[in-house]
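Engineer: Below you'll find the structure I mean.
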Amino acid sequence: MTSPHRPRRRVLRAFGALTAATAVGAGVAACSEPADQVPSLGYAIDNVVTTYNANTVEGAATGTAAALGRVLTGTNYIGPSGAPVADTDFATAGVLPGDGLAVQYRVSPAAVYSDGVPISCDDFVLAWAAGSGRFTRPGPNGPVPMFDAASHAGYADIDRVDCAPGSKEVTVVFAPGRPYLDWRSLFGATELMPAHVAAQAAGVPDLVGAIRSNDTDAVGRIADFWNNGWQLVPGELDPAKLPSSGPYRIDSYTVEDGLVLVENERWWGNKPATSRIVVWPKGSDVQAGVSDGDIEVVDVGAGSLGDLDLGGFDVTGEPSRSVEQFVLGKNGVFADAEARRAFALCLPRTQLFDTLGHPGFEAEQGLGSGVVDSRITAADSLFYRSAVDAEGGIYTDPDISGAKAAREASGQSEMTVRVGYLGPDERRAQTVRIVAESCAGAGITVVDAGSPGFRPIALGAGEVDAVLAGTGSAAGTAGSSVPSEAAFALHTGNGNNAGGFSNNRYDEVVDKLAVDGSLASRMALSGEAEAILWDEMPTIPLFDQPRTTAHTSGMHGVVPNPTRSGAGWNMDRWILLR
């Protein structure tokens, strides 16, 4: 039988109590700046930051959303509960009366980018165009999207964005019959990129007009810049391409000194409590930074850094909104579903959770998510039990004889599975070692293919056979409680569908779940979707990724956020008092 799901909960270690949650946005009193305030804080994350655009396939797999959530703000942000929270500093939103769904946004009159250009209609139109998937160009096997967007969830349901270029009033009209339930999550932090930068780089004076008229040549040039023009390479920044819409802006980025964020002087909301934040991406020497006093906040996957000494820090551990999972390819060794089932049958999922699924605490405390049997339904949701009936306890513990039979049924006398992940990551390396030991008896050799330069696109390129990552193949903190987010990660044509899974009925179910609020329908559809996934086996869920958030004593305002936003969701409220 499947191990019982343990309730999601937050636990504080004995180093000290966490400060009360400090919200971002309107209505929060600005923090004072005492003379003894430390003017700069270091923030370590467990992912790379290679692009300013968190919405591309590359960007969504990186730590851009965690690093830049208060650099590129939007109509909402993902709060610690995993739900979107309206950011009324940026804009207000309201549903207009009528038969279909139409949402009117009013951007703050004071809202401008750090280069002085007003935030406007153009930014919304660009975000919609990029996420909609409707703009295509010829490819070797048919039309392909111009924009390399990680997800089309919600944006594909928008019929049009009504507004005049440069206007602060924007009306988003959804297609008939497509009242997207999670509309509040759209146009959020890091999703609205500076359209004027893309337009200027593409040589398109009227971005809104080009998109509305489907000017293929102009939109193609805009898409080329949107896809590749916002790369962040240490030592090679072009500040003109990186205007900020939040309380911080990027000042510099080097390997030696990290990604330096400084106060955006044009920010119209509350002044940041600390004027300078240094983000230390994956690959930085976190232990040295902690020991030397250069890093005051740490947000990483539990156990990913090995025996990190956080003495003197307040440490919090909890399961995240991201499901740790194996994402399997559809070609090579896993071209046949029987081969994918063979791998699933030799996985010791209970052992993996017991050994690695706890948020940095002793296993006997019984903390963490438990073995997770759903890729798309949160383990603490109303529908979880009905959604996972299809698993039936078959894949909870290894069935070596069953794995052998499935491997032979796939026509392979032996299998070699190369598992890729962003390294170094001690927890994932240990995962691969445990799986390799278990699967060897089934004639399945598991090879560790983790590396510091790993990207999920390696799966489609045939460089690896499986990716070990979180929801949407993200390496670090990821996920939210928005139901469609995880479901669309396996939808045909979605950019972050790294394994290229495609099933017409699954797509129909996910499309229905996106707009059907009936509890009875959602329960039935969730169960049907998961049954398809357990039959086709495009991914194998393990457990909710455990997270560790730590901050040095004397810090105020640090609130763990085990979603794609990470602890940096409210970094402008952080302050260290001596």
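Ordering of the structure tokens sets the chain letters (A, B, ...), residue numbers begin anew at 1 in every chain, and ligands are numbered from 1 in the order given.
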So that I can check the surroundings of Val279 (chain A), please list as a PDB file with N, CA, C and O atoms, in the first residue's frame every protein, DNA and RNA residue that reaches within 8 Å of it, counting only C-alpha atoms and ignoring chain neighbours fewer than 5 positions away.
Structural biologist:
```
ATOM      1  N   GLY A  42      23.708  39.315   1.970  1.00  0.00           N
ATOM      2  CA  GLY A  42      23.979  38.254   1.005  1.00  0.00           C
ATOM      3  C   GLY A  42      22.896  37.199   1.044  1.00  0.00           C
ATOM      4  O   GLY A  42      22.451  36.781   2.120  1.00  0.00           O
ATOM      5  N   TYR A  43      22.472  36.723  -0.134  1.00  0.00           N
ATOM      6  CA  TYR A  43      21.359  35.789  -0.276  1.00  0.00           C
ATOM      7  C   TYR A  43      21.785  34.654  -1.205  1.00  0.00           C
ATOM      8  O   TYR A  43      22.035  34.869  -2.396  1.00  0.00           O
ATOM      9  N   ALA A  44      21.908  33.447  -0.667  1.00  0.00           N
ATOM     10  CA  ALA A  44      22.358  32.291  -1.441  1.00  0.00           C
ATOM     11  C   ALA A  44      21.175  31.445  -1.889  1.00  0.00           C
ATOM     12  O   ALA A  44      20.299  31.110  -1.081  1.00  0.00           O
ATOM     13  N   ILE A  45      21.142  31.098  -3.182  1.00  0.00           N
ATOM     14  CA  ILE A  45      20.092  30.250  -3.725  1.00  0.00           C
ATOM     15  C   ILE A  45      20.719  29.017  -4.379  1.00  0.00           C
ATOM     16  O   ILE A  45      21.926  28.988  -4.632  1.00  0.00           O
ATOM     17  N   ALA A  67      15.518  35.039  -7.702  1.00  0.00           N
ATOM     18  CA  ALA A  67      16.485  36.122  -7.534  1.00  0.00           C
ATOM     19  C   ALA A  67      15.906  37.490  -7.854  1.00  0.00           C
ATOM     20  O   ALA A  67      16.290  38.495  -7.242  1.00  0.00           O
ATOM     21  N   GLY A 258      29.172  38.209  -7.106  1.00  0.00           N
ATOM     22  CA  GLY A 258      27.773  37.827  -7.151  1.00  0.00           C
ATOM     23  C   GLY A 258      26.911  38.764  -7.978  1.00  0.00           C
ATOM     24  O   GLY A 258      27.402  39.674  -8.672  1.00  0.00           O
ATOM     25  N   LEU A 259      25.604  38.540  -7.918  1.00  0.00           N
ATOM     26  CA  LEU A 259      24.614  39.367  -8.609  1.00  0.00           C
ATOM     27  C   LEU A 259      24.174  40.454  -7.640  1.00  0.00           C
ATOM     28  O   LEU A 259      23.468  40.187  -6.669  1.00  0.00           O
ATOM     29  N   VAL A 260      24.578  41.684  -7.892  1.00  0.00           N
ATOM     30  CA  VAL A 260      24.371  42.784  -6.949  1.00  0.00           C
ATOM     31  C   VAL A 260      23.105  43.560  -7.330  1.00  0.00           C
ATOM     32  O   VAL A 260      23.003  44.104  -8.441  1.00  0.00           O
ATOM     33  N   LEU A 261      22.174  43.596  -6.397  1.00  0.00           N
ATOM     34  CA  LEU A 261      20.946  44.366  -6.561  1.00  0.00           C
ATOM     35  C   LEU A 261      21.034  45.594  -5.668  1.00  0.00           C
ATOM     36  O   LEU A 261      21.395  45.490  -4.495  1.00  0.00           O
TER      37      LEU A 261
END
```
Engineer: Hey, what's within 8 Å of region 525-538 of chain A if we count only C-alpha atoms and toss same-chain stuff fewer than 5 positions away? As a tab-separated table (two decimals) with C-alpha atoms, in the first residue's frame, please?
Structural biologist:
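Final output, saved to selection.tsv:
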```tsv
chain	number	residue	atom	x	y	z
A	327	VAL	CA	11.24	13.19	-15.95
A	328	LEU	CA	11.71	10.49	-18.59
A	329	GLY	CA	12.52	10.89	-22.27
A	330	LYS	CA	10.31	9.51	-25.02
A	337	ALA	CA	6.20	2.50	-22.12
A	340	ARG	CA	9.47	3.37	-18.39
A	341	ARG	CA	7.42	1.05	-16.21
A	374	SER	CA	0.57	12.64	-8.07
A	375	ARG	CA	2.40	14.91	-10.45
A	376	ILE	CA	-0.40	17.45	-10.81
A	377	THR	CA	-2.54	17.38	-7.64
A	383	PHE	CA	-8.72	15.76	-4.53
A	386	SER	CA	-9.04	10.25	-5.50
A	387	ALA	CA	-6.36	11.45	-7.91
A	388	VAL	CA	-3.81	8.85	-6.85
A	389	ASP	CA	-6.04	5.77	-6.81
A	390	ALA	CA	-4.51	4.71	-10.13
A	391	GLU	CA	-1.10	4.15	-8.53
A	499	GLY	CA	10.35	14.86	-22.01
A	501	PHE	CA	5.09	13.84	-23.48
A	506	TYR	CA	-4.55	14.18	-21.12
A	509	VAL	CA	-8.52	16.86	-19.32
A	510	VAL	CA	-5.99	19.54	-18.38
A	513	LEU	CA	-9.47	21.50	-15.40
```
Engineer: Tell me, as a PyMOL selection string, which residues lie within 8 Å of region 95-103 of chain A, counting only C-alpha atoms; anything in the same chain fewer than 6 positions away does not count.
Structural biologist: chain A and resi 171-180
Engineer: For those residues, write N, CA, C and O atoms to a file as a short mmCIF file (atom, residue, chain, number, x, y, z; two decimals), in the first residue's frame.
Structural biologist:
```cif
data_model
loop_
_atom_site.label_atom_id
_atom_site.label_comp_id
_atom_site.auth_asym_id
_atom_site.auth_seq_id
_atom_site.Cartn_x
_atom_site.Cartn_y
_atom_site.Cartn_z
N THR A 171 -7.40 45.82 -20.62
CA THR A 171 -8.49 44.85 -20.47
C THR A 171 -8.10 43.54 -21.15
O THR A 171 -7.80 43.54 -22.36
N VAL A 172 -8.05 42.49 -20.38
CA VAL A 172 -7.69 41.16 -20.88
C VAL A 172 -8.98 40.37 -21.07
O VAL A 172 -9.71 40.13 -20.12
N VAL A 173 -9.24 40.00 -22.32
CA VAL A 173 -10.48 39.31 -22.67
C VAL A 173 -10.17 37.85 -22.97
O VAL A 173 -9.38 37.56 -23.88
N PHE A 174 -10.78 36.96 -22.22
CA PHE A 174 -10.56 35.53 -22.43
C PHE A 174 -11.50 34.99 -23.51
O PHE A 174 -12.59 35.54 -23.75
N ALA A 175 -11.07 33.94 -24.17
CA ALA A 175 -11.84 33.36 -25.26
C ALA A 175 -13.17 32.82 -24.75
O ALA A 175 -13.27 32.40 -23.59
N PRO A 176 -14.21 32.84 -25.57
CA PRO A 176 -15.50 32.28 -25.16
C PRO A 176 -15.35 30.83 -24.69
O PRO A 176 -14.68 30.03 -25.34
N GLY A 177 -15.96 30.53 -23.56
CA GLY A 177 -15.87 29.19 -23.01
C GLY A 177 -14.57 28.87 -22.32
O GLY A 177 -14.37 27.73 -21.87
N ARG A 178 -13.66 29.85 -22.19
CA ARG A 178 -12.36 29.62 -21.54
C ARG A 178 -12.14 30.60 -20.37
O ARG A 178 -11.17 31.36 -20.35
N PRO A 179 -13.02 30.57 -19.37
CA PRO A 179 -12.84 31.46 -18.21
C PRO A 179 -11.77 30.88 -17.26
O PRO A 179 -12.08 30.20 -16.28
N TYR A 180 -10.54 31.18 -17.55
CA TYR A 180 -9.41 30.59 -16.83
C TYR A 180 -9.52 30.83 -15.33
O TYR A 180 -9.56 31.98 -14.87
#
```
Engineer: Can you pull out the residues contacting region 344-358 of chain A? Cut-off 7 Å, using only C-alpha atoms, and skip same-chain residues under 3 positions away; I want them as a list of chain:residue names.
Structural biologist: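 The contact residues come out as A:Arg340, A:Arg341, A:Phe361, A:Ala363, A:Leu367, A:Gly368, A:Gly370, A:Val371, A:Tyr395, A:Thr396, A:Asp397, A:Pro398, A:Asp399, A:Ile400, A:Gly402, A:Ala403, A:Arg427, A:Thr431, A:Val435, A:Ser438, A:Cys439, A:Ile540, A:Leu542, A:Phe543, A:Gln545, A:Pro546.
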Engineer: Go ahead and write the residues just picked, N, CA and C atoms, as a PDB file, in the first residue's frame.
Structural biologist:
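What ended up in selection.pdb:
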```pdb
ATOM      1  N   ARG A 340       9.704   2.353 -19.429  1.00  0.00           N
ATOM      2  CA  ARG A 340       9.469   3.369 -18.393  1.00  0.00           C
ATOM      3  C   ARG A 340       8.876   2.733 -17.147  1.00  0.00           C
ATOM      4  N   ARG A 341       7.989   1.765 -17.356  1.00  0.00           N
ATOM      5  CA  ARG A 341       7.416   1.052 -16.208  1.00  0.00           C
ATOM      6  C   ARG A 341       8.483   0.228 -15.491  1.00  0.00           C
ATOM      7  N   PHE A 361      15.688  17.327   8.805  1.00  0.00           N
ATOM      8  CA  PHE A 361      15.498  16.906  10.175  1.00  0.00           C
ATOM      9  C   PHE A 361      15.617  15.388  10.283  1.00  0.00           C
ATOM     10  N   ALA A 363      14.689  11.667  10.509  1.00  0.00           N
ATOM     11  CA  ALA A 363      13.579  10.967   9.861  1.00  0.00           C
ATOM     12  C   ALA A 363      12.516  10.530  10.860  1.00  0.00           C
ATOM     13  N   LEU A 367       8.425  14.104   9.499  1.00  0.00           N
ATOM     14  CA  LEU A 367       8.099  15.347   8.820  1.00  0.00           C
ATOM     15  C   LEU A 367       8.237  15.173   7.313  1.00  0.00           C
ATOM     16  N   GLY A 368       7.710  16.142   6.554  1.00  0.00           N
ATOM     17  CA  GLY A 368       7.804  16.065   5.115  1.00  0.00           C
ATOM     18  C   GLY A 368       6.491  15.623   4.508  1.00  0.00           C
ATOM     19  N   GLY A 370       5.778  12.843   2.712  1.00  0.00           N
ATOM     20  CA  GLY A 370       5.521  11.435   2.457  1.00  0.00           C
ATOM     21  C   GLY A 370       5.744  11.152   0.984  1.00  0.00           C
ATOM     22  N   VAL A 371       5.670   9.878   0.593  1.00  0.00           N
ATOM     23  CA  VAL A 371       5.777   9.533  -0.821  1.00  0.00           C
ATOM     24  C   VAL A 371       4.600  10.169  -1.554  1.00  0.00           C
ATOM     25  N   TYR A 395       3.887   1.068  -7.233  1.00  0.00           N
ATOM     26  CA  TYR A 395       5.226   1.620  -7.432  1.00  0.00           C
ATOM     27  C   TYR A 395       5.816   2.231  -6.159  1.00  0.00           C
ATOM     28  N   THR A 396       5.267   1.868  -5.026  1.00  0.00           N
ATOM     29  CA  THR A 396       5.754   2.455  -3.776  1.00  0.00           C
ATOM     30  C   THR A 396       7.112   1.881  -3.371  1.00  0.00           C
ATOM     31  N   ASP A 397       7.254   0.585  -3.475  1.00  0.00           N
ATOM     32  CA  ASP A 397       8.498  -0.110  -3.125  1.00  0.00           C
ATOM     33  C   ASP A 397       8.968  -0.935  -4.312  1.00  0.00           C
ATOM     34  N   PRO A 398      10.253  -1.281  -4.381  1.00  0.00           N
ATOM     35  CA  PRO A 398      10.778  -1.978  -5.555  1.00  0.00           C
ATOM     36  C   PRO A 398      10.113  -3.338  -5.777  1.00  0.00           C
ATOM     37  N   ASP A 399       9.853  -3.625  -7.035  1.00  0.00           N
ATOM     38  CA  ASP A 399       9.392  -4.940  -7.485  1.00  0.00           C
ATOM     39  C   ASP A 399      10.389  -5.371  -8.557  1.00  0.00           C
ATOM     40  N   ILE A 400      11.462  -6.000  -8.125  1.00  0.00           N
ATOM     41  CA  ILE A 400      12.562  -6.302  -9.029  1.00  0.00           C
ATOM     42  C   ILE A 400      12.154  -7.315 -10.093  1.00  0.00           C
ATOM     43  N   GLY A 402       9.162  -7.784 -11.242  1.00  0.00           N
ATOM     44  CA  GLY A 402       8.267  -7.059 -12.148  1.00  0.00           C
ATOM     45  C   GLY A 402       9.049  -6.135 -13.065  1.00  0.00           C
ATOM     46  N   ALA A 403      10.110  -5.492 -12.539  1.00  0.00           N
ATOM     47  CA  ALA A 403      10.940  -4.607 -13.353  1.00  0.00           C
ATOM     48  C   ALA A 403      11.665  -5.396 -14.440  1.00  0.00           C
ATOM     49  N   ARG A 427      22.059  15.797  -2.415  1.00  0.00           N
ATOM     50  CA  ARG A 427      20.835  15.010  -2.248  1.00  0.00           C
ATOM     51  C   ARG A 427      20.494  14.246  -3.530  1.00  0.00           C
ATOM     52  N   THR A 431      20.395  10.309  -4.354  1.00  0.00           N
ATOM     53  CA  THR A 431      19.218   9.694  -4.971  1.00  0.00           C
ATOM     54  C   THR A 431      19.638   8.741  -6.073  1.00  0.00           C
ATOM     55  N   VAL A 435      19.093   4.641  -6.201  1.00  0.00           N
ATOM     56  CA  VAL A 435      18.336   4.051  -7.316  1.00  0.00           C
ATOM     57  C   VAL A 435      19.211   3.072  -8.098  1.00  0.00           C
ATOM     58  N   SER A 438      19.372  -0.189  -6.293  1.00  0.00           N
ATOM     59  CA  SER A 438      18.109  -0.923  -6.334  1.00  0.00           C
ATOM     60  C   SER A 438      17.842  -1.520  -7.709  1.00  0.00           C
ATOM     61  N   CYS A 439      18.110  -0.759  -8.757  1.00  0.00           N
ATOM     62  CA  CYS A 439      17.734  -1.185 -10.109  1.00  0.00           C
ATOM     63  C   CYS A 439      18.722  -2.157 -10.742  1.00  0.00           C
ATOM     64  N   ILE A 540       8.027  10.168 -12.932  1.00  0.00           N
ATOM     65  CA  ILE A 540       7.794   9.348 -11.737  1.00  0.00           C
ATOM     66  C   ILE A 540       7.976  10.244 -10.519  1.00  0.00           C
ATOM     67  N   LEU A 542       8.350  11.470  -6.658  1.00  0.00           N
ATOM     68  CA  LEU A 542       8.994  10.893  -5.469  1.00  0.00           C
ATOM     69  C   LEU A 542       8.393  11.482  -4.192  1.00  0.00           C
ATOM     70  N   PHE A 543       8.625  12.776  -3.977  1.00  0.00           N
ATOM     71  CA  PHE A 543       8.143  13.451  -2.765  1.00  0.00           C
ATOM     72  C   PHE A 543       8.200  14.946  -3.013  1.00  0.00           C
ATOM     73  N   GLN A 545       9.672  18.315  -2.723  1.00  0.00           N
ATOM     74  CA  GLN A 545      11.065  18.673  -2.471  1.00  0.00           C
ATOM     75  C   GLN A 545      11.208  19.377  -1.126  1.00  0.00           C
ATOM     76  N   PRO A 546      12.060  18.884  -0.239  1.00  0.00           N
ATOM     77  CA  PRO A 546      12.264  19.570   1.050  1.00  0.00           C
ATOM     78  C   PRO A 546      13.163  20.781   0.882  1.00  0.00           C
TER      79      PRO A 546
END
```
Engineer: Sort by chain and increasing residue number a table of all residues of region 181-226 of chain A within 10 Å of region 48-59 of chain A, each with its closest pair of atoms and their distance in Å to one decimal, counting only C-alpha atoms, and write it as JSON lines.
Structural biologist:
```
{"residue": "A:Ala189", "atom": "CA", "partner": "A:Ala54", "partner_atom": "CA", "distance": 9.6}
{"residue": "A:Thr190", "atom": "CA", "partner": "A:Ala54", "partner_atom": "CA", "distance": 6.2}
{"residue": "A:Glu191", "atom": "CA", "partner": "A:Asn55", "partner_atom": "CA", "distance": 6.4}
{"residue": "A:Leu192", "atom": "CA", "partner": "A:Asn53", "partner_atom": "CA", "distance": 9.1}
{"residue": "A:Met193", "atom": "CA", "partner": "A:Asn53", "partner_atom": "CA", "distance": 7.2}
{"residue": "A:Pro194", "atom": "CA", "partner": "A:Asn53", "partner_atom": "CA", "distance": 10.0}
{"residue": "A:Trp226", "atom": "CA", "partner": "A:Asn53", "partner_atom": "CA", "distance": 7.7}
```
Engineer: Run DSSP on the backbone and tell me which residues of region 323-528 of chain A come out as helix (DSSP H, G or I); list them as number ranges by chain.
Structural biologist: A: 332-334, 337-345, 349-356, 363-365, 384-387, 400-409, 426-442, 457-460, 471-473, 483-488, 504-513, 519-528
Engineer: Residues at most 9 Å from Gly312 (chain A), counting only C-alpha atoms, excluding those fewer than 2 positions away in the same chain, as JSON, numbers by chain?
Structural biologist: {"A": [15, 310, 314, 551, 552, 553]}
Engineer: Keeping only C-alpha atoms, write those residues as a compact mmCIF listing (two decimals), in the first residue's frame.
Structural biologist:
```txt
# COMPACT_ATOMS: atom_id res chain seq x y z
CA PHE A 15 18.27 27.85 16.75
CA LEU A 310 24.65 26.93 9.73
CA ASP A 314 17.82 30.38 12.51
CA HIS A 551 19.07 33.46 8.21
CA THR A 552 21.62 34.85 10.59
CA SER A 553 20.52 35.91 14.04
```
Engineer: At a cut-off of 6 Å, using only C-alpha atoms, what residues contact region 563-571 of chain A? Leave out same-chain residues fewer than 4 positions from it and give the result as a PyMOL selection string.
Structural biologist: chain A and resi 24+65-66+69+321+477-480
Engineer: What does the structure give for the distance between CA of Met415 (chain A) and CA of Ala461 (chain A), in Å to one decimal?
Structural biologist: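 Going from CA of Met415 (chain A) over to CA of Ala461 (chain A), I get 18.7 Å.
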Engineer: Neighbours of region 440-444 of chain A within 8 Å (only C-alpha atoms; same-chain residues fewer than 3 positions away dropped), as a count of residues only?
Structural biologist: 14
Engineer: So how many Å separate CA of Ser481 (chain A) and CA of Cys121 (chain A), to one decimal?
Structural biologist: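 Taking CA of Ser481 (chain A) and CA of Cys121 (chain A), their separation equals 27.7 Å.
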Engineer: Calculated over only C-alpha atoms, which of the candidates A:Ala514, A:Val446, A:Ala60, A:Val297 has the smallest distance to Ala156 (chain A)?
Structural biologist: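 Using only C-alpha atoms, Ala156 (chain A) sits closest to A:Ala514.
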Engineer: Taking only C-alpha atoms into account, name the residue in A:Arg522, A:Ser322, A:Asp507, A:Val85 that is nearest to Thr492 (chain A).
Structural biologist: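 Checking each of A:Arg522, A:Ser322, A:Asp507, A:Val85 against Thr492 (chain A), counting only C-alpha atoms, the winner is A:Asp507.
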Engineer: What does the structure give for the distance between CA of Asp89 (chain A) and CA of Thr274 (chain A), in Å to one decimal?
Structural biologist: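 One can read the CA of Asp89 (chain A) to CA of Thr274 (chain A) distance as 18.6 Å.
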Engineer: For the structure I just gave you, how does DSSP split region 158-333 of chain A - specifically, which residues are strand (DSSP E)? Reply as a PyMOL selection string.
Structural biologist: chain A and resi 158-162+169-174+248-254+258-263+276-280+297-301+313-328
